[in-house]
>>> print(open('protein_14.txt').read())   # compact mmCIF, C-alpha atoms
# COMPACT_ATOMS: atom_id res chain seq x y z
CA MET J 1 -71.07 -164.92 -104.36
CA GLY J 2 -74.35 -164.67 -102.52
CA PRO J 3 -76.69 -164.36 -100.81
CA ILE J 4 -76.75 -160.58 -100.33
CA SER J 5 -79.25 -159.37 -97.72
CA GLU J 6 -80.39 -155.79 -97.20
CA LYS J 7 -82.30 -156.87 -94.10
CA THR J 8 -79.17 -157.89 -92.19
CA ASP J 9 -76.65 -155.79 -94.19
CA THR J 10 -74.53 -158.85 -94.96
CA TYR J 11 -73.11 -160.61 -98.00
CA ALA J 12 -71.49 -164.00 -98.41
CA PHE J 13 -69.16 -165.66 -100.88
CA ASP J 14 -66.99 -168.77 -101.27
CA CYS J 15 -63.27 -168.34 -101.76
CA TYR J 16 -59.90 -170.07 -101.68
CA PHE J 17 -57.98 -168.10 -99.09
CA ARG J 18 -54.22 -168.43 -99.59
CA GLN J 19 -51.47 -167.08 -97.35
CA THR J 20 -47.70 -167.24 -97.73
CA TRP J 21 -44.96 -166.33 -95.29
CA ARG J 22 -41.30 -167.06 -94.82
CA ASP J 23 -39.95 -168.95 -91.82
CA LYS J 24 -36.18 -169.36 -91.95
CA ARG J 25 -36.33 -172.13 -89.39
CA LEU J 26 -38.10 -174.39 -91.93
CA ARG J 27 -35.48 -174.19 -94.70
CA PHE J 28 -34.19 -177.50 -96.01
CA GLN J 29 -31.98 -178.90 -98.74
CA SER J 30 -32.96 -181.92 -100.81
CA PRO J 31 -31.66 -182.96 -104.23
CA ASN J 32 -34.95 -184.67 -105.10
CA ARG J 33 -37.63 -182.25 -103.86
CA LYS J 34 -38.02 -178.50 -104.00
CA ILE J 35 -41.48 -178.41 -102.37
CA LEU J 36 -42.89 -180.59 -99.61
CA SER J 37 -46.59 -181.19 -98.92
CA LEU J 38 -47.24 -181.22 -95.19
CA GLY J 39 -50.03 -182.96 -93.37
CA MET J 40 -52.63 -181.22 -91.26
CA SER J 41 -51.01 -182.57 -88.10
CA MET J 42 -47.82 -180.72 -89.07
CA LEU J 43 -49.76 -177.46 -89.43
CA ASP J 44 -50.41 -177.37 -85.69
CA LYS J 45 -46.67 -177.69 -84.93
CA ILE J 46 -45.42 -174.73 -86.96
CA TRP J 47 -46.04 -171.04 -86.58
CA LYS J 48 -48.86 -169.55 -88.68
CA PRO J 49 -50.47 -166.09 -88.75
CA ASP J 50 -53.67 -165.52 -86.78
CA THR J 51 -55.51 -163.98 -89.74
CA TYR J 52 -59.21 -163.18 -89.39
CA PHE J 53 -61.83 -160.97 -91.02
CA TRP J 54 -62.48 -157.79 -89.11
CA ASN J 55 -66.02 -157.36 -90.44
CA GLY J 56 -66.82 -161.09 -90.56
CA GLN J 57 -70.25 -162.41 -89.56
CA GLY J 58 -70.07 -166.18 -89.22
CA SER J 59 -67.44 -167.44 -91.68
CA TYR J 60 -66.57 -171.13 -91.65
CA LEU J 61 -64.15 -173.69 -93.14
CA HIS J 62 -65.44 -176.41 -95.46
CA THR J 63 -64.88 -179.85 -93.92
CA LEU J 64 -66.53 -182.28 -96.38
CA THR J 65 -65.30 -184.86 -96.98
CA THR J 66 -62.11 -183.77 -95.21
CA PRO J 67 -61.01 -180.31 -94.06
CA ASN J 68 -60.35 -178.36 -97.27
CA ARG J 69 -56.84 -177.22 -96.41
CA LEU J 70 -53.33 -177.74 -97.75
CA VAL J 71 -49.83 -176.74 -96.60
CA ARG J 72 -46.74 -176.67 -98.82
CA LEU J 73 -43.21 -175.89 -97.77
CA SER J 74 -40.51 -174.63 -100.14
CA GLU J 75 -36.79 -175.23 -99.62
CA ASP J 76 -36.19 -171.56 -98.83
CA GLY J 77 -38.67 -171.69 -95.93
CA VAL J 78 -41.68 -170.20 -97.73
CA VAL J 79 -44.93 -171.71 -96.46
CA LEU J 80 -48.13 -171.75 -98.55
CA TYR J 81 -51.33 -172.25 -96.58
CA SER J 82 -54.58 -172.53 -98.55
CA SER J 83 -58.12 -173.20 -97.30
CA ARG J 84 -61.61 -173.10 -98.74
CA LEU J 85 -63.85 -170.73 -96.81
CA THR J 86 -67.37 -169.37 -96.90
CA VAL J 87 -67.06 -165.78 -95.77
CA LYS J 88 -70.06 -163.88 -94.45
CA ALA J 89 -69.21 -160.25 -93.86
CA LYS J 90 -70.92 -157.06 -92.81
CA CYS J 91 -71.71 -154.54 -95.54
CA GLN J 92 -72.92 -151.05 -94.71
CA MET J 93 -75.44 -150.53 -97.52
CA ASP J 94 -76.62 -147.11 -98.63
CA LEU J 95 -80.28 -147.55 -99.65
CA MET J 96 -81.15 -143.93 -100.34
CA ARG J 97 -81.29 -144.60 -104.11
CA PHE J 98 -82.88 -148.06 -103.81
CA PRO J 99 -83.50 -149.79 -106.23
CA LEU J 100 -81.10 -147.70 -108.34
CA ASP J 101 -78.27 -148.14 -105.86
CA ILE J 102 -74.68 -149.36 -106.25
CA GLN J 103 -73.19 -150.99 -103.17
CA ALA J 104 -69.51 -151.12 -102.22
CA CYS J 105 -69.05 -154.03 -99.82
CA ARG J 106 -65.78 -154.13 -97.89
CA LEU J 107 -63.74 -157.09 -96.69
CA VAL J 108 -61.04 -156.21 -94.16
CA ILE J 109 -58.30 -158.79 -93.47
CA GLY J 110 -55.89 -158.46 -90.58
CA SER J 111 -54.28 -160.04 -87.56
CA PHE J 112 -56.13 -160.70 -84.35
CA ALA J 113 -53.24 -160.35 -81.87
CA TYR J 114 -50.08 -159.15 -83.67
CA GLY J 115 -49.71 -155.41 -84.01
CA ILE J 116 -48.27 -153.50 -86.93
CA ASN J 117 -44.80 -153.64 -85.34
CA GLU J 118 -44.89 -157.47 -85.38
CA MET J 119 -46.73 -158.39 -88.59
CA ILE J 120 -47.38 -156.54 -91.85
CA PHE J 121 -49.83 -157.77 -94.48
CA ARG J 122 -49.24 -157.22 -98.21
CA TRP J 123 -51.09 -158.30 -101.33
CA LYS J 124 -49.25 -160.80 -103.49
CA VAL J 125 -49.08 -159.32 -106.98
CA VAL J 126 -50.18 -161.87 -109.57
CA GLY J 127 -50.57 -160.17 -112.93
CA GLU J 128 -52.96 -157.22 -112.88
CA ASN J 129 -55.27 -158.62 -110.18
CA ARG J 130 -52.89 -158.02 -107.28
CA GLY J 131 -53.80 -161.26 -105.58
CA VAL J 132 -57.58 -161.26 -106.11
CA HIS J 133 -59.04 -163.49 -108.82
CA MET J 134 -62.75 -163.52 -109.59
CA ASP J 135 -64.87 -166.27 -111.16
CA TYR J 136 -67.09 -164.04 -113.30
CA ALA J 137 -69.01 -167.00 -114.71
CA ALA J 138 -70.32 -167.85 -111.22
CA LEU J 139 -71.20 -164.20 -110.54
CA THR J 140 -73.92 -164.32 -113.23
CA GLU J 141 -76.01 -166.47 -110.87
CA LEU J 142 -76.74 -163.52 -108.56
CA PRO J 143 -80.50 -162.84 -108.66
CA GLN J 144 -80.54 -159.12 -107.80
CA PHE J 145 -76.99 -157.85 -108.22
CA GLU J 146 -74.28 -157.73 -110.80
CA MET J 147 -70.60 -157.58 -109.92
CA THR J 148 -69.21 -154.58 -111.78
CA GLY J 149 -65.68 -154.81 -110.38
CA PHE J 150 -63.53 -154.71 -107.29
CA LYS J 151 -60.68 -152.67 -105.91
CA VAL J 152 -57.91 -153.65 -103.49
CA TYR J 153 -56.15 -151.36 -101.04
CA ASN J 154 -52.65 -151.65 -99.67
CA SER J 155 -51.77 -152.19 -96.05
CA SER J 156 -53.50 -149.60 -93.89
CA PRO J 157 -53.35 -149.45 -90.08
CA LEU J 158 -56.53 -149.87 -88.04
CA SER J 159 -56.76 -149.25 -84.33
CA ARG J 160 -58.44 -151.38 -81.72
CA ASP J 161 -56.23 -151.52 -78.63
CA THR J 162 -53.19 -150.81 -80.80
CA ASN J 163 -52.46 -150.31 -84.50
CA TYR J 164 -52.86 -153.36 -86.76
CA SER J 165 -51.81 -153.97 -90.33
CA THR J 166 -54.82 -154.76 -92.54
CA LEU J 167 -55.70 -155.37 -96.17
CA GLU J 168 -58.96 -154.31 -97.76
CA VAL J 169 -60.89 -155.28 -100.88
CA ARG J 170 -64.13 -153.63 -102.02
CA PHE J 171 -66.68 -155.36 -104.23
CA PHE J 172 -68.92 -153.09 -106.30
CA LEU J 173 -72.43 -154.49 -106.74
CA HIS J 174 -74.95 -152.99 -109.15
CA ARG J 175 -78.59 -153.90 -108.49
CA HIS J 176 -80.79 -155.30 -111.26
CA ILE J 177 -83.80 -153.03 -111.75
CA GLY J 178 -85.92 -155.32 -113.95
CA TYR J 179 -87.74 -156.95 -111.03
CA PHE J 180 -88.75 -153.58 -109.58
CA ILE J 181 -89.88 -152.18 -112.93
CA ILE J 182 -92.21 -155.14 -113.49
CA ASN J 183 -93.58 -155.39 -109.93
CA PHE J 184 -93.68 -151.76 -108.76
CA TYR J 185 -93.00 -149.04 -111.33
CA ILE J 186 -95.32 -150.31 -114.09
CA PRO J 187 -98.25 -151.19 -111.73
CA CYS J 188 -98.02 -147.82 -109.93
CA THR J 189 -97.97 -145.97 -113.26
CA LEU J 190 -100.99 -147.89 -114.54
CA ILE J 191 -102.93 -147.21 -111.33
CA VAL J 192 -102.33 -143.47 -111.69
CA LEU J 193 -103.37 -143.55 -115.36
CA LEU J 194 -106.50 -145.49 -114.39
CA SER J 195 -107.40 -142.89 -111.77
CA TRP J 196 -107.25 -140.20 -114.48
CA VAL J 197 -110.21 -141.91 -116.18
CA ALA J 198 -112.35 -140.31 -113.46
CA LEU J 199 -111.75 -136.93 -115.12
CA TRP J 200 -113.92 -138.06 -118.07
CA ILE J 201 -116.67 -139.75 -116.05
CA ASN J 202 -120.05 -138.00 -115.83
CA ARG J 203 -120.15 -135.48 -113.02
CA GLU J 204 -123.29 -137.05 -111.55
CA ALA J 205 -121.71 -140.54 -111.35
CA THR J 206 -120.67 -140.07 -107.73
CA GLY J 207 -120.53 -143.77 -106.88
CA ASP J 208 -118.33 -144.62 -109.85
CA ARG J 209 -115.83 -141.91 -109.05
CA ILE J 210 -115.65 -142.76 -105.36
CA GLY J 211 -115.25 -146.48 -106.07
CA LEU J 212 -112.49 -145.86 -108.59
CA GLY J 213 -110.61 -143.54 -106.23
CA ILE J 214 -110.82 -145.84 -103.19
CA THR J 215 -109.79 -148.89 -105.21
CA SER J 216 -106.76 -147.05 -106.61
CA VAL J 217 -105.65 -145.87 -103.16
CA LEU J 218 -105.97 -149.32 -101.59
CA THR J 219 -104.06 -151.00 -104.43
CA LEU J 220 -101.26 -148.44 -104.22
CA THR J 221 -101.10 -148.90 -100.44
CA PHE J 222 -100.67 -152.64 -100.88
CA LEU J 223 -97.79 -152.07 -103.33
CA SER J 224 -96.10 -149.62 -100.97
CA LEU J 225 -96.24 -152.14 -98.11
CA ASP J 226 -94.89 -154.88 -100.35
CA SER J 227 -91.92 -152.72 -101.35
CA ARG J 228 -90.81 -152.63 -97.68
CA SER J 229 -91.25 -156.33 -96.95
CA ASP J 230 -87.53 -157.22 -97.31
CA PHE J 231 -86.04 -154.46 -95.16
CA ARG J 232 -87.12 -151.57 -92.95
CA VAL J 233 -85.21 -148.30 -92.81
CA ASP J 234 -86.05 -145.00 -91.15
CA PHE J 235 -85.60 -142.87 -94.29
CA PRO J 236 -87.39 -142.75 -97.66
CA THR J 237 -85.80 -144.57 -100.58
CA ALA J 238 -86.09 -143.65 -104.25
CA LEU J 239 -88.92 -146.18 -104.65
CA ASP J 240 -90.77 -144.64 -101.69
CA VAL J 241 -90.51 -141.19 -103.29
CA TYR J 242 -91.97 -142.53 -106.55
CA ILE J 243 -94.87 -144.19 -104.72
CA LEU J 244 -95.47 -140.96 -102.78
CA ILE J 245 -95.72 -139.06 -106.08
CA CYS J 246 -98.32 -141.60 -107.23
CA PHE J 247 -100.27 -141.04 -104.02
CA VAL J 248 -100.24 -137.28 -104.61
CA SER J 249 -101.55 -137.83 -108.15
CA LEU J 250 -104.44 -139.91 -106.79
CA LEU J 251 -105.18 -137.25 -104.17
CA ILE J 252 -105.35 -134.57 -106.88
CA CYS J 253 -107.91 -136.64 -108.81
CA ILE J 254 -110.07 -137.10 -105.70
CA VAL J 255 -109.88 -133.39 -104.81
CA GLU J 256 -110.80 -132.49 -108.40
CA PHE J 257 -113.91 -134.68 -108.20
CA THR J 258 -114.91 -133.10 -104.88
CA ILE J 259 -114.60 -129.57 -106.26
CA VAL J 260 -116.50 -130.40 -109.44
CA HIS J 261 -119.28 -132.13 -107.51
CA TYR J 262 -119.65 -129.20 -105.13
CA PHE J 263 -119.85 -126.41 -107.71
CA THR J 264 -121.91 -128.24 -110.38
CA LYS J 265 -124.64 -129.86 -108.30
CA PHE J 266 -128.36 -129.31 -109.13
CA ASN J 267 -130.07 -125.88 -108.64
CA THR J 268 -126.89 -123.95 -109.38
CA GLY J 269 -128.11 -122.61 -112.71
CA ASP J 270 -126.26 -125.06 -114.89
CA PRO J 271 -128.48 -125.45 -117.99
CA GLU J 272 -127.02 -128.80 -118.89
CA ILE J 273 -127.90 -130.32 -115.52
CA GLN J 274 -131.38 -128.78 -115.55
CA ARG J 275 -132.00 -130.03 -119.06
CA SER J 276 -130.97 -133.55 -118.11
CA GLU J 277 -133.15 -133.42 -114.99
CA LYS J 278 -136.21 -132.29 -116.96
CA GLU J 279 -135.62 -135.01 -119.52
CA ARG J 280 -135.46 -137.55 -116.71
CA LEU J 281 -138.79 -136.35 -115.31
CA ARG J 282 -140.41 -136.54 -118.76
CA ASN J 283 -139.24 -140.11 -119.17
CA ILE J 284 -140.72 -141.02 -115.79
CA LEU J 285 -144.08 -139.47 -116.72
CA ARG J 286 -144.14 -141.23 -120.08
CA LYS J 287 -143.68 -144.58 -118.42
CA LEU J 288 -146.74 -144.11 -116.18
CA PRO J 289 -149.96 -145.80 -117.60
CA LYS J 290 -152.83 -143.55 -118.65
CA GLU J 291 -155.39 -145.52 -116.60
CA SER J 292 -153.62 -144.56 -113.40
CA MET J 293 -153.74 -140.89 -114.34
CA LEU J 294 -157.49 -141.06 -115.13
CA SER J 295 -158.25 -142.84 -111.91
CA VAL J 296 -156.52 -140.08 -110.00
CA GLY J 297 -158.71 -137.43 -111.75
CA SER J 298 -162.02 -139.17 -110.99
CA ARG J 299 -161.24 -140.37 -107.53
CA HIS J 300 -163.87 -138.14 -105.77
CA TYR J 301 -166.74 -139.74 -107.73
CA ASN J 302 -166.03 -143.09 -106.25
CA ARG J 303 -166.69 -141.98 -102.69
CA PRO J 304 -170.02 -143.37 -101.22
CA ASN J 305 -171.29 -140.13 -99.60
CA VAL J 306 -170.59 -138.02 -102.64
CA ALA J 307 -172.39 -140.53 -104.91
CA GLN J 308 -175.52 -140.59 -102.70
CA LYS J 309 -175.77 -136.80 -102.63
CA HIS J 310 -175.37 -136.69 -106.38
CA MET J 311 -178.28 -139.13 -106.81
CA ASP J 312 -180.51 -137.15 -104.43
CA HIS J 313 -179.96 -133.91 -106.28
CA SER J 314 -180.67 -135.55 -109.61
CA HIS J 315 -184.19 -136.82 -108.53
CA SER J 316 -185.33 -133.72 -106.51
CA PRO J 317 -187.22 -130.86 -108.31
CA ALA J 318 -185.15 -127.90 -109.18
CA ARG J 319 -185.57 -124.80 -107.11
CA LYS J 320 -187.39 -121.99 -108.82
CA THR J 321 -185.86 -118.63 -109.20
CA ALA J 322 -187.36 -115.35 -107.91
CA PRO J 323 -188.64 -114.05 -111.32
CA GLU J 324 -190.47 -117.30 -112.00
CA ARG J 325 -192.25 -117.14 -108.63
CA GLN J 326 -193.34 -113.57 -109.31
CA ARG J 327 -194.76 -114.49 -112.74
CA LYS J 328 -196.78 -117.35 -111.29
CA THR J 329 -198.11 -115.13 -108.50
CA ARG J 330 -199.22 -112.44 -110.91
CA GLY J 331 -200.86 -115.00 -113.13
CA GLY J 332 -202.86 -116.35 -110.25
CA MET J 333 -204.14 -113.00 -109.23
CA HIS J 334 -205.26 -112.30 -112.78
CA LEU J 335 -207.23 -115.52 -112.86
CA ASN J 336 -208.95 -114.72 -109.63
CA GLY J 337 -210.00 -111.33 -110.91
CA LEU J 338 -211.69 -112.85 -113.92
>>> encode(input="protein_14.txt", output="structure tokens")
Amino acid sequence: MGPISEKTDTYAFDCYFRQTWRDKRLRFQSPNRKILSLGMSMLDKIWKPDTYFWNGQGSYLHTLTTPNRLVRLSEDGVVLYSSRLTVKAKCQMDLMRFPLDIQACRLVIGSFAYGINEMIFRWKVVGENRGVHMDYAALTELPQFEMTGFKVYNSSPLSRDTNYSTLEVRFFLHRHIGYFIINFYIPCTLIVLLSWVALWINREATGDRIGLGITSVLTLTFLSLDSRSDFRVDFPTALDVYILICFVSLLICIVEFTIVHYFTKFNTGDPEIQRSEKERLRNILRKLPKESMLSVGSRHYNRPNVAQKHMDHSHSPARKTAPERQRKTRGGMHLNGL
């Protein structure tokens, strides 16, 4: 069995399709043979049912190296017609629980032209399988599904232009989840856990938090697009819901960072932030050379005009105060009187 495609809602399998019917006109009596093998040219000259698959999508008969068909006729007029076919049928898949889904793919067999009043189909009971035999060893080669069983249904009428007798078999397919755990569930979980590291990053490390949040969102977006690469449906699957929960977790981390950054920024009275800011300023001042600080303090002495005025004042006689001038005046008058 395989391939099974969610994109086209189809499945395919190889089978040996056998039909038997009784035609009284073909009865014979022979002492030597009970069963006759007929050639393919004889098949076109006898009546045979116009069986086809109601939900078929491009089935074909194997023709290498010759058409894989055989016809056997019993003495009581029972005809066995067997052919090897590759059947491709439509399967209405329910992907709401993808990738935890179990699909029931139908195969409906009936007549194309003969109504229920002219032809009735029945399963041939062979042991407990009721006419359907499965090669379970070949079913292990399915990459994404596992055949868990099948169920056959008796003749049930279906209507097109009139009522037709049909047979139905349903194959139950259980999807393997290992591929999706490795490629989607584990990476999404690790991305969310990595985004939680931002809760322990320093509140002033704005660039680190923003870079971590944007990287996590972009990576999760890439995984969400990759999960829809095989098929596109207009409803969320179980995997989409899980990825959406991961997106909400990332959004909560980004909102938490925004709130913390807004209420704990500088000049809000947080002693820890002020202490760290003062320590940062001290470290900057310690790194400055002492020569640069001294040169800043004595910068006005290096100006040309200020230096010239300083030299002029140093060589000019000092101005005398008022008491000194009075004492010299009195002394002079005393000398003149003598």
>>> atom_distance(input="protein_14.txt", atom1="CA of Leu239 in chain J", atom2="CA of Lys7 in chain J")
16.4 Å
>>> closest_residue(input="protein_14.txt", among="J:Thr51, J:Thr148, J:Ser159, J:Thr189", to="Ile245 in chain J", atoms="only C-alpha atoms")
J:Thr189
>>> atom_distance(input="protein_14.txt", atom1="CA of Gly211 in chain J", atom2="CA of Val192 in chain J")
14.4 Å
>>> atom_distance(input="protein_14.txt", atom1="CA of Gln144 in chain J", atom2="CA of Asp230 in chain J")
12.7 Å
>>> closest_residue(input="protein_14.txt", among="J:Thr8, J:Thr237, J:Leu43, J:Asn163", to="Glu118 in chain J", atoms="all atoms listed in the file")
J:Asn163
>>> residues_around(input="protein_14.txt", residues="range 24-28 of chain J", least_positions_apart="5", cutoff="9 Å", atoms="only C-alpha atoms", output="list of chain:residue names")
J:Lys34, J:Ile46, J:Leu73, J:Ser74, J:Glu75, J:Asp76, J:Gly77, J:Val78, J:Val79
>>> closest_residue(input="protein_14.txt", among="J:Thr140, J:Ile284, J:Arg203, J:Thr221", to="Thr258 in chain J", atoms="only C-alpha atoms")
J:Arg203
>>> residues_around(input="protein_14.txt", residues="range 92-107 of chain J", least_positions_apart="2", cutoff="8 Å", atoms="only C-alpha atoms", output="mmCIF file with C-alpha atoms, keeping the file's coordinate frame")
data_model
loop_
_atom_site.group_PDB
_atom_site.id
_atom_site.type_symbol
_atom_site.label_atom_id
_atom_site.label_comp_id
_atom_site.auth_asym_id
_atom_site.auth_seq_id
_atom_site.Cartn_x
_atom_site.Cartn_y
_atom_site.Cartn_z
ATOM 1 C CA GLU J 6 -80.390 -155.790 -97.200
ATOM 2 C CA ASP J 9 -76.650 -155.790 -94.190
ATOM 3 C CA THR J 10 -74.530 -158.850 -94.960
ATOM 4 C CA TYR J 11 -73.110 -160.610 -98.000
ATOM 5 C CA PHE J 53 -61.830 -160.970 -91.020
ATOM 6 C CA TRP J 54 -62.480 -157.790 -89.110
ATOM 7 C CA ASN J 55 -66.020 -157.360 -90.440
ATOM 8 C CA GLY J 56 -66.820 -161.090 -90.560
ATOM 9 C CA ALA J 89 -69.210 -160.250 -93.860
ATOM 10 C CA LYS J 90 -70.920 -157.060 -92.810
ATOM 11 C CA ILE J 109 -58.300 -158.790 -93.470
ATOM 12 C CA GLU J 168 -58.960 -154.310 -97.760
ATOM 13 C CA VAL J 169 -60.890 -155.280 -100.880
ATOM 14 C CA ARG J 170 -64.130 -153.630 -102.020
ATOM 15 C CA PHE J 171 -66.680 -155.360 -104.230
ATOM 16 C CA PHE J 172 -68.920 -153.090 -106.300
ATOM 17 C CA LEU J 173 -72.430 -154.490 -106.740
ATOM 18 C CA HIS J 174 -74.950 -152.990 -109.150
ATOM 19 C CA ARG J 175 -78.590 -153.900 -108.490
ATOM 20 C CA HIS J 176 -80.790 -155.300 -111.260
ATOM 21 C CA ILE J 177 -83.800 -153.030 -111.750
ATOM 22 C CA PHE J 180 -88.750 -153.580 -109.580
ATOM 23 C CA PHE J 235 -85.600 -142.870 -94.290
ATOM 24 C CA PRO J 236 -87.390 -142.750 -97.660
ATOM 25 C CA THR J 237 -85.800 -144.570 -100.580
ATOM 26 C CA ALA J 238 -86.090 -143.650 -104.250
ATOM 27 C CA LEU J 239 -88.920 -146.180 -104.650
#
>>> residues_around(input="protein_14.txt", residues="Pro67 in chain J", least_positions_apart="4", cutoff="10 Å", atoms="all atoms listed in the file", output="list in words")
Met40, Leu61, His62, Thr63, Ser83 and Arg84 of chain J
>>> residues_around(input="protein_14.txt", residues="Leu70 in chain J", least_positions_apart="2", cutoff="12 Å", atoms="all atoms listed in the file", output="PyMOL selection string")
chain J and resi 16-20+36-43+66-68+72-73+79-84
>>> closest_residue(input="protein_14.txt", among="J:Leu194, J:Leu212, J:Cys188, J:Ile254", to="Tyr242 in chain J", atoms="only C-alpha atoms")
J:Cys188
>>> decode(input="protein_14.txt", residues="range 198-249 of chain J", atoms="C-alpha atoms", output="mmCIF file, in the first residue's frame")
data_model
loop_
_atom_site.group_PDB
_atom_site.id
_atom_site.type_symbol
_atom_site.label_atom_id
_atom_site.label_comp_id
_atom_site.auth_asym_id
_atom_site.auth_seq_id
_atom_site.Cartn_x
_atom_site.Cartn_y
_atom_site.Cartn_z
ATOM 1 C CA ALA J 198 15.284 36.373 28.910
ATOM 2 C CA LEU J 199 13.560 36.420 32.310
ATOM 3 C CA TRP J 200 16.983 36.071 33.995
ATOM 4 C CA ILE J 201 18.879 38.518 31.772
ATOM 5 C CA ASN J 202 19.860 41.888 33.265
ATOM 6 C CA ARG J 203 17.089 44.435 32.929
ATOM 7 C CA GLU J 204 19.411 46.930 31.244
ATOM 8 C CA ALA J 205 20.468 44.435 28.528
ATOM 9 C CA THR J 206 17.879 45.709 26.068
ATOM 10 C CA GLY J 207 19.701 44.562 22.940
ATOM 11 C CA ASP J 208 20.165 41.016 24.222
ATOM 12 C CA ARG J 209 16.518 40.631 25.116
ATOM 13 C CA ILE J 210 15.262 42.062 21.840
ATOM 14 C CA GLY J 211 17.638 39.902 19.794
ATOM 15 C CA LEU J 212 16.625 36.760 21.656
ATOM 16 C CA GLY J 213 12.911 37.497 21.244
ATOM 17 C CA ILE J 214 13.095 38.301 17.521
ATOM 18 C CA THR J 215 15.247 35.247 16.786
ATOM 19 C CA SER J 216 12.793 32.985 18.623
ATOM 20 C CA VAL J 217 9.788 34.401 16.758
ATOM 21 C CA LEU J 218 11.433 34.067 13.337
ATOM 22 C CA THR J 219 12.528 30.483 14.006
ATOM 23 C CA LEU J 220 9.055 29.503 15.185
ATOM 24 C CA THR J 221 7.525 31.160 12.105
ATOM 25 C CA PHE J 222 9.773 29.097 9.845
ATOM 26 C CA LEU J 223 8.682 25.887 11.613
ATOM 27 C CA SER J 224 5.006 26.813 11.308
ATOM 28 C CA LEU J 225 5.366 27.384 7.558
ATOM 29 C CA ASP J 226 7.221 24.103 7.154
ATOM 30 C CA SER J 227 4.423 22.217 8.917
ATOM 31 C CA ARG J 228 1.999 23.313 6.156
ATOM 32 C CA SER J 229 4.251 22.534 3.205
ATOM 33 C CA ASP J 230 2.584 19.182 2.341
ATOM 34 C CA PHE J 231 -1.053 20.279 2.434
ATOM 35 C CA ARG J 232 -3.164 23.401 2.922
ATOM 36 C CA VAL J 233 -6.474 23.347 4.758
ATOM 37 C CA ASP J 234 -8.739 26.166 5.889
ATOM 38 C CA PHE J 235 -8.929 25.058 9.539
ATOM 39 C CA PRO J 236 -6.333 24.714 12.313
ATOM 40 C CA THR J 237 -4.900 21.278 12.991
ATOM 41 C CA ALA J 238 -3.621 19.959 16.319
ATOM 42 C CA LEU J 239 -0.063 20.879 15.302
ATOM 43 C CA ASP J 240 -1.169 24.424 14.448
ATOM 44 C CA VAL J 241 -2.751 24.784 17.892
ATOM 45 C CA TYR J 242 0.482 23.662 19.558
ATOM 46 C CA ILE J 243 2.551 26.135 17.512
ATOM 47 C CA LEU J 244 0.052 28.887 18.365
ATOM 48 C CA ILE J 245 0.517 28.135 22.076
ATOM 49 C CA CYS J 246 4.288 28.480 21.568
ATOM 50 C CA PHE J 247 3.732 31.843 19.878
ATOM 51 C CA VAL J 248 1.648 33.027 22.838
ATOM 52 C CA SER J 249 4.429 31.963 25.221
#
